[in-house]
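Note: the block below is start23.json and it holds JSON, C-alpha atoms.
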```
[["chain", "number", "residue", "atom", "x", "y", "z"],
["F", 911, "MET", "CA", 265.60, 136.54, 56.38],
["F", 912, "VAL", "CA", 265.21, 137.31, 52.72],
["F", 913, "MET", "CA", 264.14, 134.26, 50.74],
["F", 914, "SER", "CA", 265.70, 134.26, 47.32],
["F", 915, "ILE", "CA", 264.24, 132.43, 44.37],
["F", 916, "HIS", "CA", 266.78, 130.91, 42.05],
["F", 917, "TRP", "CA", 265.13, 131.99, 38.80],
["F", 918, "PHE", "CA", 267.90, 130.67, 36.62],
["F", 919, "TYR", "CA", 267.68, 127.29, 38.33],
["F", 920, "TYR", "CA", 264.38, 126.78, 36.51],
["F", 921, "ALA", "CA", 265.85, 128.03, 33.23],
["F", 922, "ALA", "CA", 267.57, 124.64, 33.00],
["F", 923, "PRO", "CA", 265.25, 122.24, 31.14],
["F", 924, "GLN", "CA", 265.79, 119.36, 33.60],
["F", 925, "ASN", "CA", 264.66, 121.50, 36.56],
["F", 926, "PHE", "CA", 261.73, 123.00, 34.70],
["F", 927, "PHE", "CA", 260.71, 119.54, 33.48],
["F", 928, "ARG", "CA", 260.23, 118.43, 37.09],
["F", 929, "LEU", "CA", 258.59, 121.68, 38.19],
["F", 930, "SER", "CA", 256.09, 121.65, 35.31],
["F", 931, "ALA", "CA", 255.23, 117.99, 36.02],
["F", 932, "ARG", "CA", 254.17, 118.99, 39.52],
["F", 933, "LEU", "CA", 252.39, 122.21, 38.54],
["F", 934, "TRP", "CA", 250.34, 121.38, 35.45],
["F", 935, "PRO", "CA", 247.81, 119.03, 37.12],
["F", 936, "TRP", "CA", 247.09, 121.63, 39.82],
["F", 937, "CYS", "CA", 246.63, 124.38, 37.22],
["F", 938, "ALA", "CA", 244.34, 122.13, 35.16],
["F", 939, "GLY", "CA", 242.25, 121.35, 38.26],
["F", 940, "LEU", "CA", 242.09, 125.03, 39.19],
["F", 941, "ALA", "CA", 241.01, 125.91, 35.63],
["F", 942, "GLY", "CA", 238.20, 123.34, 35.85],
["F", 943, "VAL", "CA", 236.92, 124.56, 39.24],
["F", 944, "LEU", "CA", 237.05, 128.24, 38.23],
["F", 945, "ALA", "CA", 235.31, 127.45, 34.92],
["F", 946, "VAL", "CA", 232.47, 125.61, 36.68],
["F", 947, "ILE", "CA", 231.89, 128.54, 39.09],
["F", 948, "GLY", "CA", 232.31, 131.14, 36.32],
["F", 949, "LEU", "CA", 229.92, 129.30, 33.98],
["F", 950, "TRP", "CA", 227.39, 128.85, 36.76],
["F", 951, "LEU", "CA", 227.44, 132.56, 37.58],
["F", 952, "GLY", "CA", 227.61, 133.70, 33.96],
["F", 953, "LEU", "CA", 225.06, 131.39, 32.38],
["F", 954, "VAL", "CA", 222.68, 130.45, 35.19],
["F", 955, "VAL", "CA", 222.68, 133.20, 37.80],
["F", 956, "ALA", "CA", 223.62, 136.49, 36.08],
["F", 957, "PRO", "CA", 220.57, 138.57, 35.15],
["F", 958, "ILE", "CA", 219.61, 139.71, 31.66],
["F", 959, "ASP", "CA", 221.35, 142.77, 30.23],
["F", 960, "ALA", "CA", 219.07, 145.76, 29.73],
["F", 961, "GLN", "CA", 220.45, 146.60, 26.25],
["F", 962, "GLN", "CA", 221.71, 143.31, 24.77],
["F", 963, "GLY", "CA", 219.31, 140.80, 26.34],
["F", 964, "GLU", "CA", 220.74, 137.29, 26.85],
["F", 965, "GLY", "CA", 223.14, 137.76, 23.93],
["F", 966, "TYR", "CA", 225.60, 139.61, 26.18],
["F", 967, "ARG", "CA", 226.57, 136.27, 27.82],
["F", 968, "ILE", "CA", 229.12, 135.78, 25.02],
["F", 969, "ILE", "CA", 231.20, 138.26, 27.04],
["F", 970, "PHE", "CA", 232.09, 135.45, 29.49],
["F", 971, "VAL", "CA", 234.23, 133.74, 26.86],
["F", 972, "HIS", "CA", 234.92, 136.58, 24.42],
["F", 973, "VAL", "CA", 236.69, 138.92, 26.84],
["F", 974, "PRO", "CA", 238.81, 136.22, 28.59],
["F", 975, "ALA", "CA", 239.84, 134.76, 25.19],
["F", 976, "SER", "CA", 240.74, 138.22, 23.88],
["F", 977, "TRP", "CA", 242.75, 139.08, 27.02],
["F", 978, "MET", "CA", 244.60, 135.77, 26.88],
["F", 979, "SER", "CA", 245.38, 136.17, 23.17],
["F", 980, "MET", "CA", 247.27, 139.37, 24.09],
["F", 981, "VAL", "CA", 248.82, 138.08, 27.33],
["F", 982, "VAL", "CA", 250.15, 134.94, 25.64],
["F", 983, "TYR", "CA", 251.77, 136.99, 22.88],
["F", 984, "LEU", "CA", 253.42, 139.26, 25.47],
["F", 985, "ALA", "CA", 254.64, 136.13, 27.29],
["F", 986, "MET", "CA", 256.15, 134.93, 23.99],
["F", 987, "GLY", "CA", 257.88, 138.30, 23.64],
["F", 988, "PHE", "CA", 259.19, 138.03, 27.22],
["F", 989, "TRP", "CA", 260.63, 134.53, 26.68],
["F", 990, "SER", "CA", 262.10, 135.63, 23.35],
["F", 991, "VAL", "CA", 263.95, 138.56, 24.96],
["F", 992, "LEU", "CA", 265.26, 136.19, 27.67],
["F", 993, "GLY", "CA", 266.35, 133.70, 25.02],
["F", 994, "LEU", "CA", 268.19, 136.27, 22.92],
["F", 995, "THR", "CA", 269.90, 137.97, 25.87],
["F", 996, "PHE", "CA", 270.73, 135.06, 28.21],
["F", 997, "LYS", "CA", 270.72, 132.21, 25.65],
["F", 998, "THR", "CA", 268.64, 130.04, 28.00],
["F", 999, "ARG", "CA", 267.61, 126.79, 26.34],
["F", 1000, "LEU", "CA", 264.17, 126.82, 27.92],
["F", 1001, "SER", "CA", 263.17, 130.19, 26.37],
["F", 1002, "GLY", "CA", 262.76, 128.92, 22.82],
["F", 1003, "MET", "CA", 260.77, 125.93, 24.02],
["F", 1004, "MET", "CA", 258.47, 128.13, 26.11],
["F", 1005, "THR", "CA", 257.88, 130.48, 23.18],
["F", 1006, "GLN", "CA", 257.06, 127.54, 20.96],
["F", 1007, "ALA", "CA", 254.79, 125.96, 23.59],
["F", 1008, "LEU", "CA", 252.84, 129.21, 24.02],
["F", 1009, "ALA", "CA", 252.14, 129.87, 20.32],
["F", 1010, "PRO", "CA", 249.40, 127.27, 19.60],
["F", 1011, "THR", "CA", 247.45, 128.25, 22.72],
["F", 1012, "GLY", "CA", 247.74, 131.93, 21.81],
["F", 1013, "ALA", "CA", 246.57, 131.20, 18.27],
["F", 1014, "ILE", "CA", 243.54, 129.34, 19.66],
["F", 1015, "PHE", "CA", 242.67, 132.27, 21.93],
["F", 1016, "ALA", "CA", 243.00, 134.74, 19.03],
["F", 1017, "ALA", "CA", 240.80, 132.51, 16.84],
["F", 1018, "LEU", "CA", 238.23, 132.22, 19.64],
["F", 1019, "SER", "CA", 238.30, 135.97, 20.17],
["F", 1020, "LEU", "CA", 237.53, 136.53, 16.48],
["F", 1021, "TRP", "CA", 234.91, 133.75, 16.31],
["F", 1022, "THR", "CA", 233.02, 134.75, 19.47],
["F", 1023, "GLY", "CA", 233.33, 138.41, 18.43],
["F", 1024, "ALA", "CA", 231.69, 137.59, 15.08],
["F", 1025, "LEU", "CA", 228.90, 135.68, 16.86],
["F", 1026, "TRP", "CA", 228.37, 138.65, 19.15],
["F", 1027, "GLY", "CA", 228.63, 141.21, 16.36],
["F", 1028, "LYS", "CA", 225.97, 139.65, 14.12],
["F", 1029, "PRO", "CA", 222.98, 140.08, 16.47],
["F", 1030, "MET", "CA", 224.21, 143.34, 18.05],
["F", 1031, "TRP", "CA", 225.73, 145.24, 15.09],
["F", 1032, "GLY", "CA", 223.98, 143.37, 12.28],
["F", 1033, "THR", "CA", 227.27, 142.14, 10.77],
["F", 1034, "TRP", "CA", 229.72, 139.30, 11.38],
["F", 1035, "TRP", "CA", 232.72, 141.43, 10.54],
["F", 1036, "VAL", "CA", 233.73, 145.03, 10.03],
["F", 1037, "TRP", "CA", 237.18, 146.43, 9.22],
["F", 1038, "ASP", "CA", 237.28, 148.29, 12.48],
["F", 1039, "ALA", "CA", 240.62, 149.01, 14.25],
["F", 1040, "ARG", "CA", 240.00, 146.59, 17.15],
["F", 1041, "LEU", "CA", 238.88, 143.69, 14.96],
["F", 1042, "THR", "CA", 241.57, 144.25, 12.34],
["F", 1043, "SER", "CA", 244.40, 144.45, 14.90],
["F", 1044, "GLU", "CA", 243.12, 141.24, 16.57],
["F", 1045, "LEU", "CA", 243.10, 139.56, 13.14],
["F", 1046, "ILE", "CA", 246.72, 140.71, 12.65],
["F", 1047, "LEU", "CA", 247.54, 139.12, 16.03],
["F", 1048, "PHE", "CA", 246.05, 135.83, 14.82],
["F", 1049, "PHE", "CA", 248.19, 136.05, 11.65],
["F", 1050, "LEU", "CA", 251.26, 136.76, 13.80],
["F", 1051, "TYR", "CA", 250.63, 133.54, 15.72],
["F", 1052, "VAL", "CA", 250.11, 131.57, 12.50],
["F", 1053, "GLY", "CA", 253.22, 133.22, 11.02],
["F", 1054, "PHE", "CA", 255.27, 132.28, 14.09],
["F", 1055, "ILE", "CA", 254.13, 128.64, 13.94],
["F", 1056, "ALA", "CA", 254.69, 128.42, 10.17],
["F", 1057, "LEU", "CA", 258.13, 130.07, 10.35],
["F", 1058, "THR", "CA", 259.47, 127.96, 13.21],
["F", 1059, "SER", "CA", 258.16, 124.76, 11.63],
["F", 1060, "ALA", "CA", 259.69, 125.61, 8.26],
["F", 1061, "ILE", "CA", 263.27, 125.93, 9.58],
["F", 1062, "ASP", "CA", 264.97, 122.61, 10.31],
["F", 1063, "ASP", "CA", 267.79, 123.98, 12.45],
["F", 1064, "VAL", "CA", 266.29, 124.42, 15.93],
["F", 1065, "LYS", "CA", 268.54, 127.31, 16.98],
["F", 1066, "ARG", "CA", 267.86, 129.26, 13.77],
["F", 1067, "ALA", "CA", 264.14, 128.57, 14.08],
["F", 1068, "GLU", "CA", 264.19, 129.85, 17.67],
["F", 1069, "ARG", "CA", 266.03, 133.04, 16.67],
["F", 1070, "ALA", "CA", 263.64, 133.73, 13.80],
["F", 1071, "GLY", "CA", 260.68, 132.99, 16.07],
["F", 1072, "ALA", "CA", 262.06, 135.28, 18.77],
["F", 1073, "LEU", "CA", 262.32, 138.11, 16.26],
["F", 1074, "ILE", "CA", 258.72, 137.75, 15.06],
["F", 1075, "SER", "CA", 257.54, 137.50, 18.70],
["F", 1076, "ILE", "CA", 259.35, 140.66, 19.81],
["F", 1077, "VAL", "CA", 258.39, 142.75, 16.77],
["F", 1078, "GLY", "CA", 254.78, 141.52, 16.96],
["F", 1079, "CYS", "CA", 254.45, 142.76, 20.55],
["F", 1080, "ILE", "CA", 253.98, 146.27, 19.08],
["F", 1081, "ASN", "CA", 250.54, 145.07, 17.96],
["F", 1082, "VAL", "CA", 249.34, 144.30, 21.52],
["F", 1083, "PRO", "CA", 249.05, 147.91, 22.80],
["F", 1084, "ILE", "CA", 247.53, 148.80, 19.41],
["F", 1085, "ILE", "CA", 244.76, 146.22, 20.03],
["F", 1086, "TYR", "CA", 244.23, 147.37, 23.60],
["F", 1087, "PHE", "CA", 244.11, 151.12, 22.90],
["F", 1088, "SER", "CA", 242.48, 150.89, 19.45],
["F", 1089, "VAL", "CA", 239.06, 151.68, 20.92],
["F", 1090, "LYS", "CA", 240.49, 154.90, 22.39],
["F", 1091, "TRP", "CA", 242.74, 155.97, 19.53],
["F", 1092, "TRP", "CA", 240.22, 155.45, 16.74],
["F", 1093, "ASN", "CA", 236.49, 155.80, 16.36],
["F", 1094, "THR", "CA", 235.52, 152.11, 16.36],
["F", 1095, "LEU", "CA", 232.29, 150.16, 16.19],
["F", 1096, "HIS", "CA", 233.68, 147.93, 18.94],
["F", 1097, "GLN", "CA", 232.72, 149.10, 22.41],
["F", 1098, "GLY", "CA", 235.25, 150.52, 24.89],
["F", 1099, "ALA", "CA", 236.90, 148.48, 27.66],
["F", 1100, "SER", "CA", 234.45, 146.86, 30.10],
["F", 1101, "VAL", "CA", 237.15, 146.73, 32.76],
["F", 1102, "SER", "CA", 239.95, 149.26, 33.07],
["F", 1103, "LEU", "CA", 242.72, 149.86, 35.61],
["F", 1104, "THR", "CA", 241.90, 153.57, 35.83],
["F", 1105, "GLN", "CA", 238.09, 153.52, 35.87],
["F", 1106, "SER", "CA", 235.48, 151.61, 37.81],
["F", 1107, "PRO", "CA", 233.95, 148.74, 35.78],
["F", 1108, "SER", "CA", 230.98, 149.49, 33.58],
["F", 1109, "MET", "CA", 229.31, 146.14, 34.39],
["F", 1110, "ALA", "CA", 227.07, 144.83, 37.17],
["F", 1111, "ARG", "CA", 229.09, 143.22, 39.97],
["F", 1112, "LEU", "CA", 227.79, 139.66, 39.39],
["F", 1113, "MET", "CA", 228.56, 139.84, 35.66],
["F", 1114, "LEU", "CA", 232.00, 141.22, 36.43],
["F", 1115, "TRP", "CA", 232.74, 138.38, 38.88],
["F", 1116, "ALA", "CA", 231.65, 135.77, 36.35],
["F", 1117, "MET", "CA", 233.87, 137.33, 33.70],
["F", 1118, "LEU", "CA", 236.89, 137.59, 36.03],
["F", 1119, "LEU", "CA", 236.46, 133.96, 37.16],
["F", 1120, "MET", "CA", 236.34, 132.83, 33.54],
["F", 1121, "ALA", "CA", 239.45, 134.93, 32.81],
["F", 1122, "LEU", "CA", 241.27, 133.31, 35.75],
["F", 1123, "SER", "CA", 240.15, 129.90, 34.51],
["F", 1124, "PHE", "CA", 241.60, 130.66, 31.05],
["F", 1125, "TRP", "CA", 244.84, 131.78, 32.75],
["F", 1126, "ALA", "CA", 245.09, 128.53, 34.71],
["F", 1127, "TYR", "CA", 244.25, 126.50, 31.59],
["F", 1128, "THR", "CA", 246.99, 128.30, 29.65],
["F", 1129, "VAL", "CA", 249.61, 127.59, 32.31],
["F", 1130, "ALA", "CA", 248.55, 123.93, 32.47],
["F", 1131, "ILE", "CA", 248.54, 123.27, 28.73],
["F", 1132, "VAL", "CA", 251.77, 125.22, 28.11],
["F", 1133, "PHE", "CA", 253.58, 123.38, 30.90],
["F", 1134, "TYR", "CA", 252.29, 120.09, 29.51],
["F", 1135, "ARG", "CA", 253.37, 120.96, 25.96],
["F", 1136, "VAL", "CA", 256.79, 122.25, 26.98],
["F", 1137, "ARG", "CA", 257.50, 118.85, 28.55],
["F", 1138, "SER", "CA", 257.03, 117.22, 25.14],
["F", 1139, "LEU", "CA", 259.40, 119.77, 23.62],
["F", 1140, "ILE", "CA", 261.97, 119.03, 26.34],
["F", 1141, "LEU", "CA", 261.72, 115.30, 25.53],
["F", 1142, "GLN", "CA", 262.37, 116.15, 21.88],
["F", 1143, "ARG", "CA", 265.27, 118.57, 22.38],
["F", 1144, "GLU", "CA", 267.08, 117.00, 25.34],
["F", 1145, "ARG", "CA", 267.21, 113.47, 23.91],
["F", 1146, "GLU", "CA", 270.99, 113.31, 24.27],
["F", 1147, "SER", "CA", 270.99, 114.39, 27.94],
["F", 1148, "GLN", "CA", 271.94, 111.94, 30.66],
["F", 1149, "TRP", "CA", 269.34, 113.34, 33.08],
["F", 1150, "LEU", "CA", 266.56, 112.55, 30.60],
["F", 1151, "LYS", "CA", 267.83, 108.99, 30.19],
["F", 1152, "ARG", "CA", 267.80, 108.57, 33.98],
["F", 1153, "TRP", "CA", 264.28, 110.05, 34.19],
["F", 1154, "PHE", "CA", 263.10, 107.81, 31.37],
["F", 1155, "ASP", "CA", 264.50, 104.67, 33.01],
["F", 1156, "GLN", "CA", 262.86, 105.57, 36.32],
["F", 1157, "ALA", "CA", 259.53, 106.65, 34.84],
["F", 1158, "GLN", "CA", 259.14, 103.86, 32.32],
["F", 1159, "ALA", "CA", 260.56, 100.91, 34.31],
["F", 1160, "PRO", "CA", 257.36, 100.39, 36.39],
["F", 1161, "LYS", "CA", 255.26, 100.42, 33.18],
["F", 1162, "ALA", "CA", 257.57, 97.92, 31.47],
["F", 1163, "ASN", "CA", 257.23, 95.65, 34.51],
["F", 1164, "GLY", "CA", 253.43, 95.94, 34.35],
["F", 1165, "ILE", "CA", 253.18, 97.92, 37.62],
["D", 807, "MET", "CA", 220.47, 134.38, 54.58],
["D", 808, "ASP", "CA", 220.31, 135.79, 51.07],
["D", 809, "MET", "CA", 222.51, 133.74, 48.71],
["D", 810, "PRO", "CA", 222.33, 135.49, 45.31],
["D", 811, "ILE", "CA", 224.72, 132.99, 43.73],
["D", 812, "PHE", "CA", 222.07, 130.25, 44.08],
["D", 813, "SER", "CA", 219.16, 132.27, 42.67],
["D", 814, "VAL", "CA", 218.67, 130.74, 39.22],
["D", 815, "HIS", "CA", 217.74, 133.29, 36.56],
["D", 816, "TRP", "CA", 215.86, 130.84, 34.29],
["D", 817, "ASP", "CA", 212.25, 129.62, 34.50],
["D", 818, "SER", "CA", 212.79, 126.46, 32.44],
["D", 819, "LEU", "CA", 215.48, 124.46, 30.65],
["D", 820, "ASN", "CA", 213.98, 125.44, 27.29],
["D", 821, "ASP", "CA", 214.40, 129.12, 28.17],
["D", 822, "PHE", "CA", 217.97, 128.42, 29.16],
["D", 823, "PHE", "CA", 218.81, 126.78, 25.82],
["D", 824, "ALA", "CA", 216.91, 129.40, 23.83],
["D", 825, "MET", "CA", 218.88, 132.23, 25.50],
["D", 826, "GLY", "CA", 216.17, 134.73, 24.65],
["D", 827, "GLY", "CA", 216.51, 134.03, 20.92],
["D", 828, "TYR", "CA", 220.34, 134.34, 21.02],
["D", 829, "GLY", "CA", 220.92, 130.60, 21.57],
["D", 830, "LEU", "CA", 222.78, 130.05, 18.30],
["D", 831, "TYR", "CA", 225.22, 132.87, 19.03],
["D", 832, "VAL", "CA", 225.73, 132.17, 22.73],
["D", 833, "TRP", "CA", 226.04, 128.38, 22.44],
["D", 834, "GLY", "CA", 228.05, 128.74, 19.22],
["D", 835, "SER", "CA", 230.59, 130.72, 21.23],
["D", 836, "PHE", "CA", 230.74, 128.47, 24.29],
["D", 837, "LEU", "CA", 230.81, 125.24, 22.29],
["D", 838, "ALA", "CA", 233.58, 126.54, 20.02],
["D", 839, "CYS", "CA", 235.69, 127.25, 23.13],
["D", 840, "ALA", "CA", 235.00, 123.81, 24.59],
["D", 841, "LEU", "CA", 235.74, 122.11, 21.26],
["D", 842, "LEU", "CA", 239.04, 123.92, 20.62],
["D", 843, "PHE", "CA", 240.25, 123.34, 24.20],
["D", 844, "LEU", "CA", 239.36, 119.66, 23.89],
["D", 845, "ILE", "CA", 241.19, 119.33, 20.55],
["D", 846, "GLU", "CA", 244.20, 121.13, 22.02],
["D", 847, "CYS", "CA", 244.34, 118.82, 25.04],
["D", 848, "VAL", "CA", 243.96, 115.64, 22.94],
["D", 849, "GLN", "CA", 246.63, 116.86, 20.52],
["D", 850, "ALA", "CA", 249.04, 117.74, 23.36],
["D", 851, "LYS", "CA", 248.54, 114.29, 24.93],
["D", 852, "ARG", "CA", 249.12, 112.60, 21.57],
["D", 853, "VAL", "CA", 252.38, 114.53, 21.02],
["D", 854, "TRP", "CA", 253.57, 113.63, 24.56],
["D", 855, "HIS", "CA", 253.08, 109.90, 23.88],
["D", 856, "GLU", "CA", 254.72, 110.22, 20.45],
["D", 857, "GLU", "CA", 257.77, 111.86, 22.01],
["D", 858, "LEU", "CA", 257.95, 109.16, 24.68],
["D", 859, "ASN", "CA", 257.88, 106.50, 21.93],
["D", 860, "HIS", "CA", 260.59, 108.31, 19.95],
["D", 861, "LEU", "CA", 262.69, 108.48, 23.10],
["D", 862, "ALA", "CA", 262.21, 104.77, 23.78],
["D", 863, "GLN", "CA", 263.23, 103.94, 20.19],
["D", 864, "ALA", "CA", 266.30, 106.21, 20.38],
["D", 865, "TYR", "CA", 267.44, 104.60, 23.65],
["D", 866, "GLU", "CA", 266.85, 101.09, 22.28],
["D", 867, "LEU", "CA", 268.95, 102.02, 19.24],
["D", 868, "ASP", "CA", 271.71, 103.40, 21.50],
["D", 869, "GLU", "CA", 271.70, 100.23, 23.58],
["D", 870, "GLY", "CA", 271.80, 98.07, 20.44],
["D", 871, "ILE", "CA", 274.79, 99.99, 19.08],
["D", 872, "ALA", "CA", 276.55, 99.74, 22.46],
["D", 873, "ARG", "CA", 275.96, 95.95, 22.53],
["D", 874, "LEU", "CA", 277.32, 95.55, 19.00],
["D", 875, "ARG", "CA", 280.43, 97.51, 19.90],
["D", 876, "GLU", "CA", 280.98, 95.35, 22.96],
["D", 877, "GLU", "CA", 280.60, 92.16, 20.90],
["D", 878, "ARG", "CA", 283.10, 93.35, 18.31],
["D", 879, "SER", "CA", 285.71, 94.51, 20.82]]
```

Conversion result in structure tokens:
Amino acid sequence: MVMSIHWFYYAAPQNFFRLSARLWPWCAGLAGVLAVIGLWLGLVVAPIDAQQGEGYRIIFVHVPASWMSMVVYLAMGFWSVLGLTFKTRLSGMMTQALAPTGAIFAALSLWTGALWGKPMWGTWWVWDARLTSELILFFLYVGFIALTSAIDDVKRAERAGALISIVGCINVPIIYFSVKWWNTLHQGASVSLTQSPSMARLMLWAMLLMALSFWAYTVAIVFYRVRSLILQRERESQWLKRWFDQAQAPKANGI
Amino acid sequence: MDMPIFSVHWDSLNDFFAMGGYGLYVWGSFLACALLFLIECVQAKRVWHEELNHLAQAYELDEGIARLREERS
């Protein structure tokens, strides 16, 4: 028997509101567990790097943050396309919930990159293709947040945000392939789909665990934030009133 | 049985914090991540409670208006 998933069922804010309430605590817990194991392996167990000494350990946050800064932007592009084509109410909220987390990851990628660059390259910053395109990604996030906050009409803000999300997606492959297309100071990919990894297995595991932890954290925080946006946008809905009465009644009665 | 995941790389806690002379850079990176994630979580929780309060106020207002209408009719 083929089990079908009703994707559009969860496009309705009331259904997603309940789903996200159940999922976010599990994702947050998973992020915590993976982070503890990843940090243990990366900071305590992993051996010294022959070329970069102990300074290479920045990789355990730099690479996951950089990956997530790109993944989150692509997710924003995905939700924006869905929103523009199917006019699903949830799409705009998801795009808006993703943006601050993506901006944080882009900022962390730049910050940890600068802290890695100084001892290894002798400079905090260089106008290299990889660094510059990542900086553009950060500005795209900031631009998205500024643009959507500046427009009062929610629907217009969502359409404008969707446009900037979709157009900005062009920058993601530029970031990823910049180290191949141009002669950059930034090193090539440590992990690639087509080549075996250039790192020791223990270091690779620590990095992948940290990346998975960042993934789980992203899902948790975005699901949590989208619930606030649903409260804000669905204020007139009867389902929300029913949920509110049920959820808040025990608190009002001191239970 | 050999358990490489429990073989600690460091000789002392001081070595661990010094990170071979890269302590400022390594800890500067990890602490920045922890700090930004913490701020993000606190901010998200604050917004959630704000929205709940706004909702409570809106419903109270609706109920007040409904009561007034009933009294007048």

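The space between CA of Ser813 (chain D) and CA of Ser835 (chain D) spans 24.3 Å.
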
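Pairwise distance (CA of Ile845 (chain D), CA of Ile1014 (chain F)) equals 10.3 Å.
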
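The two atoms in question, CA of Val982 (chain F) and CA of Phe1015 (chain F), are spaced 8.8 Å apart.
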
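The nearest approach to Ala956 (chain F) among the residues D:Trp816, D:Asp821, D:Ala850, D:Leu844, with only C-alpha atoms taken into account, belongs to D:Trp816.
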
Neighbour list for region 852-859 of chain D as a PDB file with C-alpha atoms, keeping the file's coordinate frame, cut-off 12 Å, only C-alpha atoms, skip fewer than 4 positions in-chain:
```pdb
ATOM      1  CA  ALA F1007     254.790 125.960  23.590  1.00  0.00           C
ATOM      2  CA  ILE F1131     248.540 123.270  28.730  1.00  0.00           C
ATOM      3  CA  PHE F1133     253.580 123.380  30.900  1.00  0.00           C
ATOM      4  CA  TYR F1134     252.290 120.090  29.510  1.00  0.00           C
ATOM      5  CA  ARG F1135     253.370 120.960  25.960  1.00  0.00           C
ATOM      6  CA  VAL F1136     256.790 122.250  26.980  1.00  0.00           C
ATOM      7  CA  ARG F1137     257.500 118.850  28.550  1.00  0.00           C
ATOM      8  CA  SER F1138     257.030 117.220  25.140  1.00  0.00           C
ATOM      9  CA  LEU F1139     259.400 119.770  23.620  1.00  0.00           C
ATOM     10  CA  ILE F1140     261.970 119.030  26.340  1.00  0.00           C
ATOM     11  CA  LEU F1141     261.720 115.300  25.530  1.00  0.00           C
ATOM     12  CA  GLN F1142     262.370 116.150  21.880  1.00  0.00           C
ATOM     13  CA  ARG F1143     265.270 118.570  22.380  1.00  0.00           C
ATOM     14  CA  GLU F1144     267.080 117.000  25.340  1.00  0.00           C
ATOM     15  CA  ARG F1145     267.210 113.470  23.910  1.00  0.00           C
ATOM     16  CA  LEU F1150     266.560 112.550  30.600  1.00  0.00           C
ATOM     17  CA  LYS F1151     267.830 108.990  30.190  1.00  0.00           C
ATOM     18  CA  TRP F1153     264.280 110.050  34.190  1.00  0.00           C
ATOM     19  CA  PHE F1154     263.100 107.810  31.370  1.00  0.00           C
ATOM     20  CA  ASP F1155     264.500 104.670  33.010  1.00  0.00           C
ATOM     21  CA  ALA F1157     259.530 106.650  34.840  1.00  0.00           C
ATOM     22  CA  GLN F1158     259.140 103.860  32.320  1.00  0.00           C
TER      23      GLN F1158
ATOM     24  CA  ILE D 845     241.190 119.330  20.550  1.00  0.00           C
ATOM     25  CA  GLU D 846     244.200 121.130  22.020  1.00  0.00           C
ATOM     26  CA  CYS D 847     244.340 118.820  25.040  1.00  0.00           C
ATOM     27  CA  VAL D 848     243.960 115.640  22.940  1.00  0.00           C
ATOM     28  CA  GLN D 863     263.230 103.940  20.190  1.00  0.00           C
ATOM     29  CA  ALA D 864     266.300 106.210  20.380  1.00  0.00           C
ATOM     30  CA  TYR D 865     267.440 104.600  23.650  1.00  0.00           C
ATOM     31  CA  GLU D 866     266.850 101.090  22.280  1.00  0.00           C
TER      32      GLU D 866
END
```

Can you tell me which residues surround Ser1075 (chain F) at a distance of at most 9 Å, considering only C-alpha atoms, apart from same-chain residues fewer than 4 positions away, and format the answer as a ChimeraX atom specification? /F:983-984,986-988,990,1005,1050-1051,1054,1070-1071,1079

Take every atom of region 842-856 of chain D listed in the file, fit an axis-aligned box around them, add 8 Å per side, and give the centre and edge lengths in Å to one decimal as AutoDock Vina command-line options.
```
--center_x 246.9 --center_y 116.9 --center_z 22.7 --size_x 31.7 --size_y 30.0 --size_z 20.6
```

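If you measure from each of D:Leu841, D:Val832, D:Ala872, D:Ala824 to chain F using only C-alpha atoms, the closest one turns out to be D:Val832.
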
Using only C-alpha atoms, which residues sit within 8 Å of Met978 (chain F) once same-chain residues fewer than 6 positions away are excluded, as a ChimeraX atom specification? /F:1012,1015,1121,1124-1125

Of the candidates D:His860, D:His815, D:Leu837, D:Leu874, which shows the shortest atom-to-atom distance to chain F, using all atoms listed in the file? D:His815

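Among F:Ser1147, F:Ser1059, F:Thr1033, F:Thr1022, the residue with the shortest atom-to-atom distance to Ser976 (chain F), counting all atoms listed in the file, is F:Thr1022.
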
If we count all atoms listed in the file and set the cut-off at 9 Å, which residues sit around Gly834 (chain D), ignoring sequence neighbours fewer than 4 positions away in its own chain? Please answer as a ChimeraX atom specification. /F:1021-1022,1025 /D:829-830,838-839

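Proximity ranking of D:Ala840, D:Ile811, D:Leu819, D:Leu867 relative to chain F places D:Ile811 first, based on only C-alpha atoms.
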
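Distances here use all atoms listed in the file; by that measure, the residue among F:Met1030, F:Leu1045, F:Ala1116, F:Val954 closest to His1096 (chain F) is F:Met1030.
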
Do a neighbour search on Leu1000 (chain F) at 9 Å with all atoms listed in the file, toss out local chain neighbours closer than 2 positions, and write the hits as a PDB file with C-alpha atoms, in the frame of the given file.
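Resulting contents of result-v8.pdb:
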```
ATOM      1  CA  TYR F 920     264.380 126.780  36.510  1.00  0.00           C
ATOM      2  CA  ALA F 921     265.850 128.030  33.230  1.00  0.00           C
ATOM      3  CA  ALA F 922     267.570 124.640  33.000  1.00  0.00           C
ATOM      4  CA  PRO F 923     265.250 122.240  31.140  1.00  0.00           C
ATOM      5  CA  PHE F 926     261.730 123.000  34.700  1.00  0.00           C
ATOM      6  CA  TRP F 989     260.630 134.530  26.680  1.00  0.00           C
ATOM      7  CA  GLY F 993     266.350 133.700  25.020  1.00  0.00           C
ATOM      8  CA  LYS F 997     270.720 132.210  25.650  1.00  0.00           C
ATOM      9  CA  THR F 998     268.640 130.040  28.000  1.00  0.00           C
ATOM     10  CA  GLY F1002     262.760 128.920  22.820  1.00  0.00           C
ATOM     11  CA  MET F1003     260.770 125.930  24.020  1.00  0.00           C
ATOM     12  CA  MET F1004     258.470 128.130  26.110  1.00  0.00           C
ATOM     13  CA  THR F1005     257.880 130.480  23.180  1.00  0.00           C
ATOM     14  CA  VAL F1136     256.790 122.250  26.980  1.00  0.00           C
ATOM     15  CA  ILE F1140     261.970 119.030  26.340  1.00  0.00           C
TER      16      ILE F1140
END
```
